[in-house]
Amino acid sequence: MNTKSQMLCAWCGPAAIVLFMVGFWFIAGLVPPPSPHDTALQVVAIYHHHTNLKRLGLVVVMMAGAMTAPFVASISTQMKRIEGQYSPLSYTQLGLGMIGVLLFIIPAFMFEAALFRPDRAPSLVLALSDLAWLPFIGAFMPAFFQNLAIAASCFQDTEERVFPRWLGYFNVWVAIAFVPGILINFLHGGPFAWNGVFCFWLPLSVFGVWFFVMFWALRRGILAQAAEAVPAAAL
Amino acid sequence: MATLEDATRRQNGGEPITRERVRHLPGELGTWVFILGDMTVFALLFGIFMYYRDKQPALFAHSQLTLHKSFGVINTLLLLTSSLCVVTAVRAVRKGAQRLPTILLGVAVVCGLGFTLNKFLEWGGLLSHHHYPDTNNFYMYFFVLTGIHFFHLLLGMGVLTALIVLSRKPSLSEKEMMFFEGGACFWHMVDLLWIVLFALLYLVH
């Protein structure tokens, strides 16, 4: 049994989300996001303000992104207990979750490029800034199918041996809550812009809550697995 | 002082009624996690709409006049009819009826298809009069809100189709019955959300 390593990987989830918030919100100061309405000069002014802190905060964001990998792996490990040897859902979750790591790192490097030479032509800074914000907020598609894969495996677990069934419904809800993110590509202001209630604050909250709910379920699953293993070992 | 609890205890021959025996939660717990979660999101959407409407009352009132209420009324009637069919189907399934639930659910799906047709006619009409989502805030909210609702309606039609398949079985296991009830609850949510949307988009002045 590898209860300890599974538990360690599971703990990486809440740790990653806390680290992400600290890096993005408190060190880089990018929450709340600047408005998509901002002109090139306004955007340049943002990157001129506390430039080094922003650079540092985004490095923390990238570390946090990479730290989600063990968490994703531990979800797949538990999903495999439901599916058995042939486990497409578990692999789907794993693959999409690992792409999720890049969805922290690639946009964060776009920010870093904007911050690297904030004195370049303002229109270029604006372009880099857009390149960072749009995927950072809008690239929910891997998470969408990842959540559905988790949901599908919860529904397969008819005896609720690993995950409770409501976790499946919860994951479907999370997937659907991400969908309005489509709208950030179309709108520059209001609740459906990348800094709006519906496309920033709601997904950010849902995303944060998802980590803690999944962590709770993982911990429960891992402990149940350990408990199942004990009588077998005693024989 | 006699409390309600005492009264129920007396009715029950002195035996206290436990909560489990009185309460029946339709569907499973998870369905309600989903439905309440989804309704929270919609409540937020409705709140946002009211907030922005308050900022531009003249524009919203003026744009609202370009909507044809009849589309909204017909869609409301269609969904109410479908909900009635679904709830009757659930009762029929509980009583073990054979063909009736399938027929009722079929009628509900047809109502959903009618809603879809109506929605496309309405959207098409607005677009042909150059009322685009980016024309002004009212149309933006109109298209986004009705669009998100329509997405739920499509999910709901998928659920109803699954229920039709279930209803053709000679008898349902406890788990299947729970799925049946949960699916029916989802459809009622789609109906309920539309009624609020209808009032908000077409009627509120």
# chains A, B, ... in the order shown; residues from 1 in each chain; ligands from 1
>>> residues_around(residues="Phe60 of chain B", least_positions_apart="3", cutoff="12 Å", atoms="only C-alpha atoms", output="list in words")
Phe49, Met50, Tyr51, Tyr52, Arg53, Asp54, Lys55, Gln56, Pro57, Ser63, Gln64, Leu65, Thr66, Leu67, Thr135, Asn136, Asn137, Phe138, Tyr139, Met140, Tyr141, Phe142, Leu200, Leu201, Tyr202, Leu203, Val204 and His205 of chain B
>>> write_last_selection(atoms="C-alpha atoms", output="mmCIF file, in the first residue's frame")
data_model
loop_
_atom_site.group_PDB
_atom_site.id
_atom_site.type_symbol
_atom_site.label_atom_id
_atom_site.label_comp_id
_atom_site.auth_asym_id
_atom_site.auth_seq_id
_atom_site.Cartn_x
_atom_site.Cartn_y
_atom_site.Cartn_z
ATOM 1 C CA PHE B 49 -29.519 41.431 -15.436
ATOM 2 C CA MET B 50 -31.537 43.479 -12.917
ATOM 3 C CA TYR B 51 -28.431 45.421 -11.903
ATOM 4 C CA TYR B 52 -27.590 46.464 -15.479
ATOM 5 C CA ARG B 53 -31.234 47.078 -16.311
ATOM 6 C CA ASP B 54 -31.310 49.550 -13.447
ATOM 7 C CA LYS B 55 -28.415 51.428 -15.026
ATOM 8 C CA GLN B 56 -30.086 51.893 -18.427
ATOM 9 C CA PRO B 57 -33.849 51.705 -17.755
ATOM 10 C CA SER B 63 -35.510 47.297 -26.560
ATOM 11 C CA GLN B 64 -37.958 45.087 -24.688
ATOM 12 C CA LEU B 65 -40.759 46.448 -26.895
ATOM 13 C CA THR B 66 -39.105 44.863 -29.952
ATOM 14 C CA LEU B 67 -39.625 41.378 -28.445
ATOM 15 C CA THR B 135 -26.277 45.980 -30.543
ATOM 16 C CA ASN B 136 -26.818 46.995 -26.930
ATOM 17 C CA ASN B 137 -26.796 45.599 -23.413
ATOM 18 C CA PHE B 138 -30.413 44.458 -23.526
ATOM 19 C CA TYR B 139 -29.903 42.237 -26.573
ATOM 20 C CA MET B 140 -26.591 41.009 -25.179
ATOM 21 C CA TYR B 141 -28.366 39.804 -22.014
ATOM 22 C CA PHE B 142 -31.327 38.540 -23.988
ATOM 23 C CA LEU B 200 -37.703 39.104 -16.434
ATOM 24 C CA LEU B 201 -37.092 39.540 -20.161
ATOM 25 C CA TYR B 202 -40.581 40.034 -21.576
ATOM 26 C CA LEU B 203 -42.820 41.351 -18.805
ATOM 27 C CA VAL B 204 -40.969 43.411 -16.196
ATOM 28 C CA HIS B 205 -41.235 47.131 -16.930
#
>>> interface_residues(of="chain A", to="chain B", cutoff="7 Å", atoms="only C-alpha atoms", output="PyMOL selection string")
chain A and resi 165-166+169-170+173
>>> write_last_selection(atoms="N, CA and C atoms", output="PDB file, in the first residue's frame")
ATOM      1  N   ARG A 165     -21.600   9.451  -5.012  1.00  0.00           N
ATOM      2  CA  ARG A 165     -22.249   9.766  -6.294  1.00  0.00           C
ATOM      3  C   ARG A 165     -22.459  11.263  -6.495  1.00  0.00           C
ATOM      4  N   TRP A 166     -22.745  11.969  -5.389  1.00  0.00           N
ATOM      5  CA  TRP A 166     -23.009  13.406  -5.574  1.00  0.00           C
ATOM      6  C   TRP A 166     -21.780  14.127  -6.116  1.00  0.00           C
ATOM      7  N   TYR A 169     -22.292  14.532  -9.765  1.00  0.00           N
ATOM      8  CA  TYR A 169     -23.158  15.660 -10.111  1.00  0.00           C
ATOM      9  C   TYR A 169     -22.434  16.984  -9.893  1.00  0.00           C
ATOM     10  N   PHE A 170     -21.658  17.041  -8.817  1.00  0.00           N
ATOM     11  CA  PHE A 170     -20.901  18.261  -8.532  1.00  0.00           C
ATOM     12  C   PHE A 170     -19.952  18.569  -9.690  1.00  0.00           C
ATOM     13  N   TRP A 173     -21.739  19.956 -12.632  1.00  0.00           N
ATOM     14  CA  TRP A 173     -22.076  21.356 -12.383  1.00  0.00           C
ATOM     15  C   TRP A 173     -20.859  22.268 -12.607  1.00  0.00           C
TER      16      TRP A 173
END
>>> residues_around(residues="segment 30-38 of chain A", least_positions_apart="2", cutoff="9 Å", atoms="only C-alpha atoms", output="PyMOL selection string")
chain A and resi 24-28+40-43+46+54+130+133+187-189+193-196+200-201
>>> residues_around(residues="Pro14 of chain A", least_positions_apart="2", cutoff="9 Å", atoms="only C-alpha atoms", output="list in words")
Ala10, Trp11, Cys12, Ala16, Ile17, Val18, Leu19, Thr68, Phe71, Gly208, Phe211, Phe212 and Phe215 of chain A
>>> write_last_selection(atoms="N, CA and C atoms", output="mmCIF file, in the first residue's frame")
data_model
loop_
_atom_site.group_PDB
_atom_site.id
_atom_site.type_symbol
_atom_site.label_atom_id
_atom_site.label_comp_id
_atom_site.auth_asym_id
_atom_site.auth_seq_id
_atom_site.Cartn_x
_atom_site.Cartn_y
_atom_site.Cartn_z
ATOM 1 N N ALA A 10 -2.333 14.046 -2.931
ATOM 2 C CA ALA A 10 -3.641 14.679 -2.739
ATOM 3 C C ALA A 10 -3.488 16.047 -2.074
ATOM 4 N N TRP A 11 -2.584 16.132 -1.100
ATOM 5 C CA TRP A 11 -2.368 17.410 -0.402
ATOM 6 C C TRP A 11 -1.816 18.490 -1.330
ATOM 7 N N CYS A 12 -1.153 18.063 -2.421
ATOM 8 C CA CYS A 12 -0.625 19.047 -3.373
ATOM 9 C C CYS A 12 -1.746 19.916 -3.962
ATOM 10 N N ALA A 16 -1.542 23.758 -3.908
ATOM 11 C CA ALA A 16 -1.368 24.455 -5.186
ATOM 12 C C ALA A 16 -2.329 25.626 -5.308
ATOM 13 N N ILE A 17 -3.589 25.409 -4.908
ATOM 14 C CA ILE A 17 -4.563 26.490 -5.114
ATOM 15 C C ILE A 17 -4.257 27.667 -4.173
ATOM 16 N N VAL A 18 -3.793 27.347 -2.963
ATOM 17 C CA VAL A 18 -3.420 28.431 -2.034
ATOM 18 C C VAL A 18 -2.212 29.187 -2.594
ATOM 19 N N LEU A 19 -1.230 28.442 -3.084
ATOM 20 C CA LEU A 19 -0.033 29.057 -3.658
ATOM 21 C C LEU A 19 -0.397 29.923 -4.861
ATOM 22 N N THR A 68 -0.189 21.163 -9.358
ATOM 23 C CA THR A 68 -1.482 20.482 -9.532
ATOM 24 C C THR A 68 -1.284 19.086 -10.138
ATOM 25 N N PHE A 71 -1.630 16.126 -7.791
ATOM 26 C CA PHE A 71 -3.035 16.087 -7.371
ATOM 27 C C PHE A 71 -3.869 15.375 -8.435
ATOM 28 N N GLY A 208 -11.680 27.131 -7.225
ATOM 29 C CA GLY A 208 -11.082 27.014 -5.898
ATOM 30 C C GLY A 208 -11.809 25.977 -5.056
ATOM 31 N N PHE A 211 -11.134 22.262 -5.940
ATOM 32 C CA PHE A 211 -9.913 21.661 -5.393
ATOM 33 C C PHE A 211 -10.159 21.103 -3.994
ATOM 34 N N PHE A 212 -10.868 21.872 -3.176
ATOM 35 C CA PHE A 212 -11.064 21.429 -1.790
ATOM 36 C C PHE A 212 -12.055 20.272 -1.712
ATOM 37 N N PHE A 215 -10.272 17.271 -2.930
ATOM 38 C CA PHE A 215 -9.301 16.834 -1.923
ATOM 39 C C PHE A 215 -10.002 16.024 -0.831
#
>>> residues_around(residues="Pro107 of chain A", least_positions_apart="6", cutoff="9 Å", atoms="only C-alpha atoms", output="list in words")
Leu131, Ala132, Trp133, Leu134, Pro135 and Phe136 of chain A
>>> select_by_dssp(residues="segment 78-149 of chain B", states="alpha helix (DSSP H)", output="NGL selection string")
:B and (78-94 or 100-128 or 137-149)
>>> write_last_selection(atoms="C-alpha atoms", output="compact mmCIF listing (two decimals), in the first residue's frame")
# COMPACT_ATOMS: atom_id res chain seq x y z
CA LEU B 78 -45.16 24.50 -23.98
CA LEU B 79 -42.87 24.04 -20.99
CA LEU B 80 -45.72 24.05 -18.47
CA THR B 81 -47.48 21.37 -20.53
CA SER B 82 -44.29 19.33 -20.73
CA SER B 83 -43.79 19.60 -16.96
CA LEU B 84 -47.33 18.41 -16.37
CA CYS B 85 -46.66 15.43 -18.66
CA VAL B 86 -43.41 14.63 -16.84
CA VAL B 87 -44.94 14.75 -13.35
CA THR B 88 -47.87 12.61 -14.52
CA ALA B 89 -45.38 10.18 -16.08
CA VAL B 90 -43.53 9.88 -12.76
CA ARG B 91 -46.80 9.07 -10.99
CA ALA B 92 -47.71 6.54 -13.66
CA VAL B 93 -44.32 4.85 -13.37
CA ARG B 94 -44.70 4.65 -9.58
CA LEU B 100 -48.68 5.75 -20.43
CA PRO B 101 -45.31 7.07 -19.09
CA THR B 102 -43.63 6.57 -22.48
CA ILE B 103 -46.42 8.45 -24.26
CA LEU B 104 -46.39 11.30 -21.73
CA LEU B 105 -42.62 11.66 -21.93
CA GLY B 106 -42.87 11.62 -25.73
CA VAL B 107 -45.34 14.52 -25.54
CA ALA B 108 -42.90 16.35 -23.24
CA VAL B 109 -40.08 15.90 -25.78
CA VAL B 110 -42.33 17.17 -28.55
CA CYS B 111 -43.04 20.26 -26.40
CA GLY B 112 -39.27 20.69 -26.03
CA LEU B 113 -38.85 20.46 -29.80
CA GLY B 114 -41.62 23.04 -30.20
CA PHE B 115 -39.74 25.30 -27.79
CA THR B 116 -36.59 24.83 -29.88
CA LEU B 117 -38.34 25.70 -33.13
CA ASN B 118 -39.97 28.71 -31.53
CA LYS B 119 -36.64 29.86 -30.10
CA PHE B 120 -34.92 29.67 -33.49
CA LEU B 121 -37.78 31.61 -35.11
CA GLU B 122 -37.56 34.25 -32.41
CA TRP B 123 -33.75 34.56 -32.55
CA GLY B 124 -33.87 34.57 -36.37
CA GLY B 125 -36.52 37.31 -36.36
CA LEU B 126 -34.46 39.50 -34.02
CA LEU B 127 -31.29 39.00 -36.05
CA SER B 128 -33.07 39.78 -39.32
CA ASN B 137 -26.80 45.60 -23.41
CA PHE B 138 -30.41 44.46 -23.53
CA TYR B 139 -29.90 42.24 -26.57
CA MET B 140 -26.59 41.01 -25.18
CA TYR B 141 -28.37 39.80 -22.01
CA PHE B 142 -31.33 38.54 -23.99
CA PHE B 143 -29.18 36.33 -26.20
CA VAL B 144 -26.82 35.20 -23.42
CA LEU B 145 -29.61 34.36 -20.92
CA THR B 146 -31.87 32.64 -23.43
CA GLY B 147 -28.79 30.91 -24.90
CA ILE B 148 -27.66 29.49 -21.55
CA HIS B 149 -31.22 28.43 -20.83
>>> residues_around(residues="Ser87 of chain A", least_positions_apart="2", cutoff="12 Å", atoms="only C-alpha atoms", output="PyMOL selection string")
chain A and resi 76-85+89-94+149-150+152-153+156
>>> write_last_selection(atoms="N, CA, C and O atoms", output="PDB file, in the first residue's frame")
ATOM      1  N   SER A  76      -6.563  10.298 -10.623  1.00  0.00           N
ATOM      2  CA  SER A  76      -6.593   9.166 -11.558  1.00  0.00           C
ATOM      3  C   SER A  76      -6.325   7.842 -10.844  1.00  0.00           C
ATOM      4  O   SER A  76      -6.899   6.808 -11.210  1.00  0.00           O
ATOM      5  N   THR A  77      -5.453   7.878  -9.851  1.00  0.00           N
ATOM      6  CA  THR A  77      -5.151   6.652  -9.100  1.00  0.00           C
ATOM      7  C   THR A  77      -6.420   6.105  -8.451  1.00  0.00           C
ATOM      8  O   THR A  77      -6.703   4.901  -8.510  1.00  0.00           O
ATOM      9  N   GLN A  78      -7.206   7.002  -7.853  1.00  0.00           N
ATOM     10  CA  GLN A  78      -8.449   6.558  -7.220  1.00  0.00           C
ATOM     11  C   GLN A  78      -9.490   6.158  -8.270  1.00  0.00           C
ATOM     12  O   GLN A  78     -10.234   5.194  -8.074  1.00  0.00           O
ATOM     13  N   MET A  79      -9.531   6.920  -9.403  1.00  0.00           N
ATOM     14  CA  MET A  79     -10.488   6.564 -10.462  1.00  0.00           C
ATOM     15  C   MET A  79     -10.200   5.169 -10.991  1.00  0.00           C
ATOM     16  O   MET A  79     -11.112   4.415 -11.341  1.00  0.00           O
ATOM     17  N   LYS A  80      -8.923   4.797 -11.022  1.00  0.00           N
ATOM     18  CA  LYS A  80      -8.531   3.481 -11.512  1.00  0.00           C
ATOM     19  C   LYS A  80      -9.078   2.368 -10.603  1.00  0.00           C
ATOM     20  O   LYS A  80      -9.324   1.260 -11.066  1.00  0.00           O
ATOM     21  N   ARG A  81      -9.269   2.679  -9.334  1.00  0.00           N
ATOM     22  CA  ARG A  81      -9.872   1.686  -8.436  1.00  0.00           C
ATOM     23  C   ARG A  81     -11.300   1.380  -8.865  1.00  0.00           C
ATOM     24  O   ARG A  81     -11.799   0.269  -8.650  1.00  0.00           O
ATOM     25  N   ILE A  82     -11.981   2.384  -9.437  1.00  0.00           N
ATOM     26  CA  ILE A  82     -13.347   2.150  -9.905  1.00  0.00           C
ATOM     27  C   ILE A  82     -13.312   1.383 -11.216  1.00  0.00           C
ATOM     28  O   ILE A  82     -14.033   0.404 -11.398  1.00  0.00           O
ATOM     29  N   GLU A  83     -12.429   1.830 -12.127  1.00  0.00           N
ATOM     30  CA  GLU A  83     -12.453   1.295 -13.493  1.00  0.00           C
ATOM     31  C   GLU A  83     -11.734  -0.027 -13.645  1.00  0.00           C
ATOM     32  O   GLU A  83     -12.019  -0.787 -14.572  1.00  0.00           O
ATOM     33  N   GLY A  84     -10.732  -0.257 -12.802  1.00  0.00           N
ATOM     34  CA  GLY A  84      -9.952  -1.489 -12.962  1.00  0.00           C
ATOM     35  C   GLY A  84      -8.824  -1.302 -13.962  1.00  0.00           C
ATOM     36  O   GLY A  84      -8.399  -0.185 -14.250  1.00  0.00           O
ATOM     37  N   GLN A  85      -8.398  -2.423 -14.552  1.00  0.00           N
ATOM     38  CA  GLN A  85      -7.190  -2.388 -15.372  1.00  0.00           C
ATOM     39  C   GLN A  85      -7.367  -1.523 -16.624  1.00  0.00           C
ATOM     40  O   GLN A  85      -6.468  -0.800 -17.015  1.00  0.00           O
ATOM     41  N   LEU A  89     -11.303   6.470 -18.651  1.00  0.00           N
ATOM     42  CA  LEU A  89     -11.697   7.718 -17.991  1.00  0.00           C
ATOM     43  C   LEU A  89     -10.555   8.255 -17.142  1.00  0.00           C
ATOM     44  O   LEU A  89     -10.284   9.453 -17.114  1.00  0.00           O
ATOM     45  N   SER A  90      -9.885   7.329 -16.471  1.00  0.00           N
ATOM     46  CA  SER A  90      -8.771   7.720 -15.618  1.00  0.00           C
ATOM     47  C   SER A  90      -7.646   8.350 -16.453  1.00  0.00           C
ATOM     48  O   SER A  90      -7.059   9.359 -16.064  1.00  0.00           O
ATOM     49  N   TYR A  91      -7.385   7.766 -17.631  1.00  0.00           N
ATOM     50  CA  TYR A  91      -6.342   8.339 -18.500  1.00  0.00           C
ATOM     51  C   TYR A  91      -6.784   9.684 -19.070  1.00  0.00           C
ATOM     52  O   TYR A  91      -5.977  10.590 -19.217  1.00  0.00           O
ATOM     53  N   THR A  92      -8.070   9.792 -19.421  1.00  0.00           N
ATOM     54  CA  THR A  92      -8.574  11.061 -19.937  1.00  0.00           C
ATOM     55  C   THR A  92      -8.368  12.156 -18.900  1.00  0.00           C
ATOM     56  O   THR A  92      -7.859  13.243 -19.207  1.00  0.00           O
ATOM     57  N   GLN A  93      -8.735  11.833 -17.670  1.00  0.00           N
ATOM     58  CA  GLN A  93      -8.583  12.800 -16.589  1.00  0.00           C
ATOM     59  C   GLN A  93      -7.119  13.180 -16.418  1.00  0.00           C
ATOM     60  O   GLN A  93      -6.771  14.360 -16.286  1.00  0.00           O
ATOM     61  N   LEU A  94      -6.261  12.180 -16.467  1.00  0.00           N
ATOM     62  CA  LEU A  94      -4.828  12.413 -16.275  1.00  0.00           C
ATOM     63  C   LEU A  94      -4.276  13.312 -17.382  1.00  0.00           C
ATOM     64  O   LEU A  94      -3.614  14.326 -17.111  1.00  0.00           O
ATOM     65  N   ALA A 149     -15.120  13.512 -17.195  1.00  0.00           N
ATOM     66  CA  ALA A 149     -14.522  12.182 -17.020  1.00  0.00           C
ATOM     67  C   ALA A 149     -14.620  11.748 -15.559  1.00  0.00           C
ATOM     68  O   ALA A 149     -14.970  10.595 -15.261  1.00  0.00           O
ATOM     69  N   ILE A 150     -14.341  12.688 -14.646  1.00  0.00           N
ATOM     70  CA  ILE A 150     -14.459  12.362 -13.220  1.00  0.00           C
ATOM     71  C   ILE A 150     -15.909  12.005 -12.893  1.00  0.00           C
ATOM     72  O   ILE A 150     -16.187  11.012 -12.207  1.00  0.00           O
ATOM     73  N   ALA A 152     -18.216  10.828 -14.872  1.00  0.00           N
ATOM     74  CA  ALA A 152     -18.573   9.520 -15.431  1.00  0.00           C
ATOM     75  C   ALA A 152     -18.059   8.395 -14.536  1.00  0.00           C
ATOM     76  O   ALA A 152     -18.765   7.402 -14.309  1.00  0.00           O
ATOM     77  N   SER A 153     -16.851   8.549 -13.999  1.00  0.00           N
ATOM     78  CA  SER A 153     -16.341   7.459 -13.157  1.00  0.00           C
ATOM     79  C   SER A 153     -17.084   7.412 -11.819  1.00  0.00           C
ATOM     80  O   SER A 153     -17.290   6.339 -11.274  1.00  0.00           O
ATOM     81  N   GLN A 156     -20.071   5.434 -12.362  1.00  0.00           N
ATOM     82  CA  GLN A 156     -19.779   3.995 -12.493  1.00  0.00           C
ATOM     83  C   GLN A 156     -19.621   3.326 -11.135  1.00  0.00           C
ATOM     84  O   GLN A 156     -19.788   2.126 -11.008  1.00  0.00           O
TER      85      GLN A 156
END
>>> residues_around(residues="Leu56 of chain A", least_positions_apart="3", cutoff="9 Å", atoms="only C-alpha atoms", output="ChimeraX atom specification")
/A:23,27-28,51-53,59-61
>>> atom_distance(atom1="atom CA of Met178 of chain B", atom2="atom CA of Asp191 of chain B")
20.0 Å
>>> decode(residues="segment 130-161 of chain B", atoms="C-alpha atoms", output="CSV table (one decimal), in the first residue's frame")
chain,number,residue,atom,x,y,z
B,130,HIS,CA,-30.5,43.8,-37.0
B,131,HIS,CA,-30.9,43.3,-33.2
B,132,TYR,CA,-27.6,41.6,-32.6
B,133,PRO,CA,-26.1,40.5,-29.2
B,134,ASP,CA,-23.6,43.4,-29.6
B,135,THR,CA,-26.3,46.0,-30.5
B,136,ASN,CA,-26.8,47.0,-26.9
B,137,ASN,CA,-26.8,45.6,-23.4
B,138,PHE,CA,-30.4,44.5,-23.5
B,139,TYR,CA,-29.9,42.2,-26.6
B,140,MET,CA,-26.6,41.0,-25.2
B,141,TYR,CA,-28.4,39.8,-22.0
B,142,PHE,CA,-31.3,38.5,-24.0
B,143,PHE,CA,-29.2,36.3,-26.2
B,144,VAL,CA,-26.8,35.2,-23.4
B,145,LEU,CA,-29.6,34.4,-20.9
B,146,THR,CA,-31.9,32.6,-23.4
B,147,GLY,CA,-28.8,30.9,-24.9
B,148,ILE,CA,-27.7,29.5,-21.6
B,149,HIS,CA,-31.2,28.4,-20.8
B,150,PHE,CA,-31.5,26.8,-24.3
B,151,PHE,CA,-28.3,24.9,-23.5
B,152,HIS,CA,-30.0,23.5,-20.4
B,153,LEU,CA,-33.1,22.7,-22.4
B,154,LEU,CA,-31.0,20.6,-24.8
B,155,LEU,CA,-29.5,18.8,-21.8
B,156,GLY,CA,-33.0,18.3,-20.5
B,157,MET,CA,-34.2,16.7,-23.8
B,158,GLY,CA,-31.3,14.3,-23.6
B,159,VAL,CA,-32.4,13.4,-20.0
B,160,LEU,CA,-36.0,13.0,-21.1
B,161,THR,CA,-34.9,10.7,-23.9
